[in-house]
file upload33.cif (mmCIF, C-alpha atoms)
data_structure
#
loop_
_atom_site.label_atom_id
_atom_site.label_comp_id
_atom_site.auth_asym_id
_atom_site.auth_seq_id
_atom_site.Cartn_x
_atom_site.Cartn_y
_atom_site.Cartn_z
CA MET A 1 130.45 -103.18 112.13
CA ALA A 2 132.17 -102.22 108.92
CA TYR A 3 132.98 -98.49 109.19
CA TRP A 4 135.35 -96.57 111.47
CA LEU A 5 137.11 -93.25 111.95
CA PHE A 6 140.84 -93.05 112.69
CA LYS A 7 142.20 -89.78 114.08
CA SER A 8 145.81 -88.71 113.68
CA GLU A 9 147.81 -85.58 114.30
CA PRO A 10 149.13 -84.61 110.86
CA GLY A 11 152.51 -83.65 112.37
CA THR A 12 152.87 -87.21 113.68
CA TRP A 13 151.26 -89.30 110.91
CA SER A 14 149.53 -87.51 108.03
CA TRP A 15 147.39 -88.63 105.12
CA ASP A 16 150.47 -88.22 102.92
CA ASP A 17 152.38 -90.61 105.22
CA GLN A 18 149.52 -93.10 104.97
CA VAL A 19 149.48 -92.89 101.17
CA ALA A 20 153.27 -93.32 101.07
CA ALA A 21 152.90 -96.58 103.06
CA GLY A 22 151.22 -98.09 99.98
CA ARG A 23 148.78 -100.99 99.78
CA LYS A 24 150.70 -102.90 102.46
CA GLY A 25 149.63 -100.19 104.88
CA ALA A 26 151.01 -99.42 108.30
CA GLU A 27 150.23 -100.15 111.94
CA TRP A 28 147.73 -97.82 113.59
CA ASP A 29 149.99 -97.84 116.62
CA GLY A 30 150.35 -95.81 119.77
CA VAL A 31 146.70 -95.99 120.84
CA ARG A 32 146.58 -96.04 124.63
CA ASN A 33 142.85 -95.79 125.27
CA TYR A 34 140.96 -98.95 126.21
CA GLN A 35 137.78 -98.03 124.36
CA ALA A 36 139.70 -97.22 121.15
CA ARG A 37 141.71 -100.45 121.53
CA ASN A 38 138.52 -102.45 122.00
CA PHE A 39 137.11 -100.99 118.79
CA MET A 40 140.25 -102.14 116.95
CA LEU A 41 139.73 -105.64 118.38
CA GLN A 42 136.32 -105.68 116.61
CA MET A 43 137.72 -104.72 113.20
CA LYS A 44 137.87 -107.17 110.32
CA ALA A 45 140.13 -107.10 107.29
CA GLY A 46 138.30 -105.17 104.59
CA ASP A 47 136.52 -102.78 106.96
CA LEU A 48 136.79 -99.16 105.86
CA GLY A 49 137.48 -96.04 107.87
CA PHE A 50 137.80 -92.32 107.56
CA PHE A 51 141.28 -90.86 108.01
CA TYR A 52 140.82 -87.75 110.14
CA HIS A 53 143.41 -85.03 110.70
CA SER A 54 143.05 -83.81 114.28
CA VAL A 55 144.50 -80.84 116.20
CA LYS A 56 144.31 -77.67 114.05
CA GLU A 57 142.84 -79.15 110.82
CA LYS A 58 139.97 -81.18 112.32
CA ARG A 59 138.76 -82.73 109.08
CA VAL A 60 138.19 -86.03 107.28
CA VAL A 61 140.71 -86.18 104.45
CA GLY A 62 140.64 -89.75 103.16
CA ILE A 63 139.51 -93.35 103.40
CA VAL A 64 141.57 -96.29 104.65
CA GLU A 65 141.01 -100.04 104.67
CA VAL A 66 141.86 -102.43 107.49
CA VAL A 67 144.44 -104.75 105.90
CA ARG A 68 145.47 -106.66 109.03
CA GLU A 69 143.29 -107.43 112.02
CA ALA A 70 144.25 -106.75 115.64
CA HIS A 71 147.74 -107.80 116.70
CA PRO A 72 150.23 -106.64 119.35
CA ASP A 73 151.24 -102.99 118.95
CA SER A 74 154.96 -102.92 118.12
CA THR A 75 155.39 -99.68 120.10
CA ASP A 76 154.10 -101.26 123.34
CA ASP A 77 156.59 -102.91 125.72
CA THR A 78 153.86 -104.01 128.16
CA GLY A 79 152.07 -106.36 125.77
CA LYS A 80 148.59 -105.08 126.67
CA TRP A 81 147.94 -102.84 123.64
CA GLN A 82 146.73 -103.98 120.24
CA CYS A 83 146.51 -102.29 116.86
CA VAL A 84 145.38 -102.93 113.30
CA ASP A 85 147.14 -102.16 110.02
CA VAL A 86 145.43 -99.79 107.59
CA ALA A 87 146.15 -98.80 103.99
CA ALA A 88 145.04 -95.72 102.06
CA VAL A 89 142.14 -96.28 99.65
CA THR A 90 141.30 -92.81 98.35
CA ALA A 91 141.44 -89.17 99.30
CA LEU A 92 138.17 -87.29 99.61
CA ALA A 93 137.64 -84.92 96.68
CA ARG A 94 136.99 -82.26 99.30
CA PRO A 95 137.95 -82.61 102.98
CA VAL A 96 135.00 -82.49 105.37
CA THR A 97 135.59 -80.36 108.47
CA LEU A 98 134.39 -81.06 111.98
CA ASP A 99 132.33 -77.85 111.84
CA GLU A 100 130.53 -79.13 108.71
CA ILE A 101 129.88 -82.48 110.38
CA LYS A 102 128.49 -80.76 113.50
CA ALA A 103 126.26 -78.55 111.32
CA GLU A 104 124.69 -81.55 109.55
CA PRO A 105 121.52 -82.66 111.41
CA ALA A 106 121.83 -86.23 110.08
CA LEU A 107 125.19 -86.52 111.87
CA GLU A 108 124.20 -85.18 115.30
CA ALA A 109 124.46 -88.63 116.95
CA MET A 110 127.89 -89.39 115.45
CA VAL A 111 130.56 -90.37 117.99
CA LEU A 112 132.89 -87.72 116.54
CA VAL A 113 130.35 -85.02 117.39
CA ASN A 114 129.73 -86.30 120.92
CA ASN A 115 133.17 -87.65 121.92
CA SER A 116 135.68 -85.86 119.74
CA ARG A 117 138.67 -86.97 121.86
CA LEU A 118 138.34 -90.69 121.07
CA SER A 119 141.06 -91.60 118.53
CA VAL A 120 139.38 -94.67 117.01
CA GLN A 121 135.60 -94.82 116.79
CA PRO A 122 132.73 -96.52 114.97
CA VAL A 123 130.79 -94.87 112.14
CA THR A 124 127.30 -96.01 111.11
CA ALA A 125 126.51 -96.86 107.50
CA GLY A 126 124.30 -93.76 107.22
CA GLU A 127 127.04 -91.51 108.62
CA TRP A 128 129.52 -93.14 106.23
CA ARG A 129 127.37 -92.43 103.16
CA ARG A 130 126.63 -88.87 104.24
CA ILE A 131 130.27 -87.88 104.87
CA CYS A 132 131.42 -89.56 101.65
CA ARG A 133 128.87 -87.48 99.72
CA MET A 134 129.86 -84.32 101.62
CA GLY A 135 133.45 -85.12 100.62
CA GLY A 136 132.55 -85.20 96.95
CA LEU A 137 132.66 -88.97 96.38
CA ARG A 138 130.07 -89.97 93.78
CA ASP A 139 130.67 -93.69 94.28
CA VAL A 140 130.54 -94.31 98.01
CA PRO A 141 133.04 -97.07 98.93
CA VAL A 142 131.33 -100.02 100.59
CA ALA A 143 133.08 -102.38 103.00
CA PRO A 144 133.14 -106.03 101.89
CA SER A 145 131.09 -107.09 104.93
CA ALA A 146 128.35 -104.63 103.88
CA LYS A 147 128.38 -106.03 100.31
CA LYS A 148 128.02 -109.55 101.71
CA ALA A 149 125.07 -108.47 103.87
CA LYS A 150 123.32 -106.97 100.81
CA ALA A 151 123.87 -110.15 98.81
CA THR A 152 122.48 -112.26 101.67
CA ALA A 153 119.40 -110.03 101.88
CA ARG A 154 118.73 -110.64 98.17
CA GLY A 155 118.92 -114.41 98.66
CA PRO A 156 121.31 -117.00 97.30
CA LYS A 157 122.55 -116.92 93.73
CA PRO A 158 121.25 -119.68 91.45
CA GLY A 159 123.34 -122.80 92.01
CA ALA A 160 124.73 -121.45 95.29
CA GLY A 161 125.54 -124.06 97.88
CA LYS A 162 126.81 -126.64 95.40
CA THR A 163 130.47 -127.37 95.42
CA LYS A 164 132.10 -127.33 92.02
CA ALA A 165 133.19 -130.96 92.38
CA ALA A 166 129.72 -132.17 93.37
CA GLY A 167 128.07 -130.13 90.63
CA ASN A 168 130.45 -131.48 87.98
CA LYS A 169 130.06 -135.10 89.15
CA GLY A 170 126.29 -134.83 89.08
CA GLU A 171 126.33 -133.15 85.67
CA LYS A 172 128.59 -135.85 84.22
CA LYS A 173 126.34 -138.60 85.58
CA ALA A 174 123.25 -136.95 84.11
CA ALA A 175 124.99 -136.46 80.77
CA ARG A 176 125.89 -140.18 80.63
CA LYS A 177 122.29 -141.14 81.26
CA ARG A 178 121.15 -138.84 78.44
CA SER A 179 123.82 -139.95 75.99
CA PRO A 180 122.18 -141.74 73.06
CA SER A 181 125.28 -143.87 72.40
CA GLY A 182 125.58 -144.97 76.01
CA LYS A 183 129.34 -144.17 75.89
CA LYS A 184 131.04 -142.81 78.95
#
call {"tool": "encode", "arguments": {"input": "upload33.cif", "output": "C-alpha cells"}}
result
Amino acid sequence: MAYWLFKSEPGTWSWDDQVAAGRKGAEWDGVRNYQARNFMLQMKAGDLGFFYHSVKEKRVVGIVEVVREAHPDSTDDTGKWQCVDVAAVTALARPVTLDEIKAEPALEAMVLVNNSRLSVQPVTAGEWRRICRMGGLRDVPVAPSAKKAKATARGPKPGAGKTKAAGNKGEKKAARKRSPSGKK
C-alpha cells in the first residue's frame, strides 16, 4: 500500500509544525493504538499520506512523505510502540473537510468516513486521487511504489536487465570483431 492518512490535533502538532521540521521530517510519535501501529509497520519510505487536522478543524490540509520506516517510538518507555518519520511535501491548495469527504459518494467506503477515530489509516489510490483533486491539486502526487507498479505494467525498458559492466564488455567485444584494422 502506498497511501495513508495521518491525524493530528493542531494544538499538539500542526501542519505548520510539520513544515517547520523540514525535509528531514519528524517522528509520528505517541500512537498508542495497535491497529494504527500495525499500519505504520507496513509503511515504506516514499509512501505518501494526507496530513489531517482533527478535533475542531476536521480537514485534510497537506501531504507528507514517509522518510523513515518503522522504528521504536522515542516517547515510549515500554518498547512496544513503533512509529515512522514523515516530512511535509505540499499543502493542499484548499483544505478538504470531513463533511466534504462524507458528502462525496466515491469516498463512502473510506476508512476516515467509517472509523474516524483511527489516527493512522490506509487510503486507496482512488481515494487519494479524488481528495487531491478536491484539494485543488492539478498534479496528483504519486508514491514511488505506485510509479514502479505502472512501469512494471508497461513492461521492461529496452536494455533493461543488463548490468552496465556486462553491457559494456559485450559491446567492446563486438566492436573489436567489427573493427576493420583488427586493433584492440
call {"tool": "closest_residue", "arguments": {"input": "upload33.cif", "among": "A:Arg138, A:Gly46, A:Val96, A:His53", "to": "Trp13 in chain A", "atoms": "only C-alpha atoms"}}
result
A:His53
call {"tool": "residues_around", "arguments": {"input": "upload33.cif", "residues": "Gly25 in chain A", "least_positions_apart": "5", "cutoff": "9 Å", "atoms": "all atoms listed in the file", "output": "list in words"}}
result
Gln18, Val19, Ala20, Val64, Glu65, Val66, Val67, Arg68, Asp85, Val86, Ala87 and Ala88 of chain A
call {"tool": "resolve_selection", "arguments": {"input": "upload33.cif", "expression": "the PyMOL selection byres ((chain A and resi 113) around 10)", "output": "ChimeraX atom specification"}}
result
/A:98-99,101-103,107-112,114-117
call {"tool": "atom_distance", "arguments": {"input": "upload33.cif", "atom1": "CA of Met43 in chain A", "atom2": "CA of Ala26 in chain A"}}
result
15.1 Å
call {"tool": "resolve_selection", "arguments": {"input": "upload33.cif", "expression": "the PyMOL selection byres ((chain A and resi 60) around 6)", "output": "NGL selection string"}}
result
:A and (51-52 or 59 or 61 or 95-96)
call {"tool": "write_last_selection", "arguments": {"input": "upload33.cif", "atoms": "C-alpha atoms", "output": "compact mmCIF listing (two decimals), in the frame of the given file"}}
result
# COMPACT_ATOMS: atom_id res chain seq x y z
CA PHE A 51 141.28 -90.86 108.01
CA TYR A 52 140.82 -87.75 110.14
CA ARG A 59 138.76 -82.73 109.08
CA VAL A 61 140.71 -86.18 104.45
CA PRO A 95 137.95 -82.61 102.98
CA VAL A 96 135.00 -82.49 105.37
call {"tool": "resolve_selection", "arguments": {"input": "upload33.cif", "expression": "the PyMOL selection byres ((chain A and resi 121-134) around 8)", "output": "ChimeraX atom specification"}}
result
/A:1-6,36,39,92,94,96,101,106-107,110-112,118-120,135-138,140
call {"tool": "closest_residue", "arguments": {"input": "upload33.cif", "among": "A:Ser8, A:Gln82, A:Ala70, A:Pro105", "to": "Lys44 in chain A", "atoms": "all atoms listed in the file"}}
result
A:Ala70
call {"tool": "closest_residue", "arguments": {"input": "upload33.cif", "among": "A:Glu69, A:Glu27, A:Asp77, A:Asp17", "to": "Gln42 in chain A", "atoms": "only C-alpha atoms"}}
result
A:Glu69
call {"tool": "atom_distance", "arguments": {"input": "upload33.cif", "atom1": "CA of Trp15 in chain A", "atom2": "CA of Val84 in chain A"}}
result
16.6 Å
call {"tool": "decode", "arguments": {"input": "upload33.cif", "residues": "range 19-46 of chain A", "atoms": "N, CA and C atoms", "output": "CSV table (one decimal), in the first residue's frame"}}
result
chain,number,residue,atom,x,y,z
A,19,VAL,N,5.7,21.4,8.6
A,19,VAL,CA,6.5,22.1,7.6
A,19,VAL,C,7.8,22.6,8.2
A,20,ALA,N,7.8,23.1,9.4
A,20,ALA,CA,9.0,23.6,10.1
A,20,ALA,C,10.0,22.5,10.3
A,21,ALA,N,9.6,21.3,10.4
A,21,ALA,CA,10.5,20.2,10.6
A,21,ALA,C,11.4,19.9,9.4
A,22,GLY,N,11.0,20.5,8.2
A,22,GLY,CA,11.8,20.4,7.0
A,22,GLY,C,11.8,19.0,6.4
A,23,ARG,N,12.7,18.8,5.4
A,23,ARG,CA,12.8,17.6,4.6
A,23,ARG,C,13.2,16.4,5.5
A,24,LYS,N,13.9,16.7,6.6
A,24,LYS,CA,14.3,15.6,7.5
A,24,LYS,C,13.1,14.9,8.1
A,25,GLY,N,12.1,15.8,8.3
A,25,GLY,CA,10.8,15.3,8.9
A,25,GLY,C,10.9,15.1,10.4
A,26,ALA,N,9.9,14.4,10.9
A,26,ALA,CA,9.8,14.2,12.4
A,26,ALA,C,9.1,12.9,12.6
A,27,GLU,N,9.3,12.3,13.8
A,27,GLU,CA,8.6,11.1,14.2
A,27,GLU,C,7.1,11.4,14.3
A,28,TRP,N,6.4,10.4,13.8
A,28,TRP,CA,4.9,10.4,14.0
A,28,TRP,C,4.7,9.6,15.3
A,29,ASP,N,5.0,10.2,16.4
A,29,ASP,CA,5.1,9.5,17.7
A,29,ASP,C,3.8,9.6,18.5
A,30,GLY,N,3.8,8.9,19.6
A,30,GLY,CA,2.6,9.0,20.5
A,30,GLY,C,1.4,8.1,20.2
A,31,VAL,N,1.5,7.3,19.1
A,31,VAL,CA,0.4,6.5,18.7
A,31,VAL,C,0.3,5.3,19.6
A,32,ARG,N,-0.8,5.1,20.3
A,32,ARG,CA,-1.0,4.0,21.2
A,32,ARG,C,-2.2,3.2,20.9
A,33,ASN,N,-2.4,2.9,19.6
A,33,ASN,CA,-3.4,2.1,19.1
A,33,ASN,C,-2.8,1.0,18.3
A,34,TYR,N,-3.1,-0.3,18.6
A,34,TYR,CA,-2.4,-1.4,17.9
A,34,TYR,C,-2.7,-1.4,16.3
A,35,GLN,N,-3.9,-1.1,15.9
A,35,GLN,CA,-4.2,-1.1,14.5
A,35,GLN,C,-3.4,0.0,13.8
A,36,ALA,N,-3.4,1.2,14.4
A,36,ALA,CA,-2.6,2.3,13.8
A,36,ALA,C,-1.1,2.0,13.7
A,37,ARG,N,-0.6,1.4,14.8
A,37,ARG,CA,0.8,1.0,14.9
A,37,ARG,C,1.1,-0.1,13.8
A,38,ASN,N,0.2,-1.0,13.6
A,38,ASN,CA,0.4,-2.0,12.6
A,38,ASN,C,0.4,-1.5,11.2
A,39,PHE,N,-0.4,-0.4,11.0
A,39,PHE,CA,-0.4,0.2,9.7
A,39,PHE,C,1.0,0.9,9.5
A,40,MET,N,1.6,1.5,10.5
A,40,MET,CA,2.9,2.1,10.4
A,40,MET,C,4.0,1.1,10.1
A,41,LEU,N,3.8,-0.1,10.6
A,41,LEU,CA,4.8,-1.2,10.3
A,41,LEU,C,4.7,-1.6,8.9
A,42,GLN,N,3.6,-1.4,8.2
A,42,GLN,CA,3.5,-1.7,6.7
A,42,GLN,C,4.1,-0.6,5.8
A,43,MET,N,4.3,0.6,6.4
A,43,MET,CA,4.8,1.7,5.5
A,43,MET,C,6.2,1.6,5.0
A,44,LYS,N,6.4,2.1,3.8
A,44,LYS,CA,7.7,2.1,3.2
A,44,LYS,C,8.2,3.5,3.0
A,45,ALA,N,9.5,3.7,3.0
A,45,ALA,CA,10.0,5.0,2.7
A,45,ALA,C,9.5,5.4,1.3
A,46,GLY,N,9.0,6.6,1.2
A,46,GLY,CA,8.5,7.1,-0.1
A,46,GLY,C,7.0,7.1,-0.2
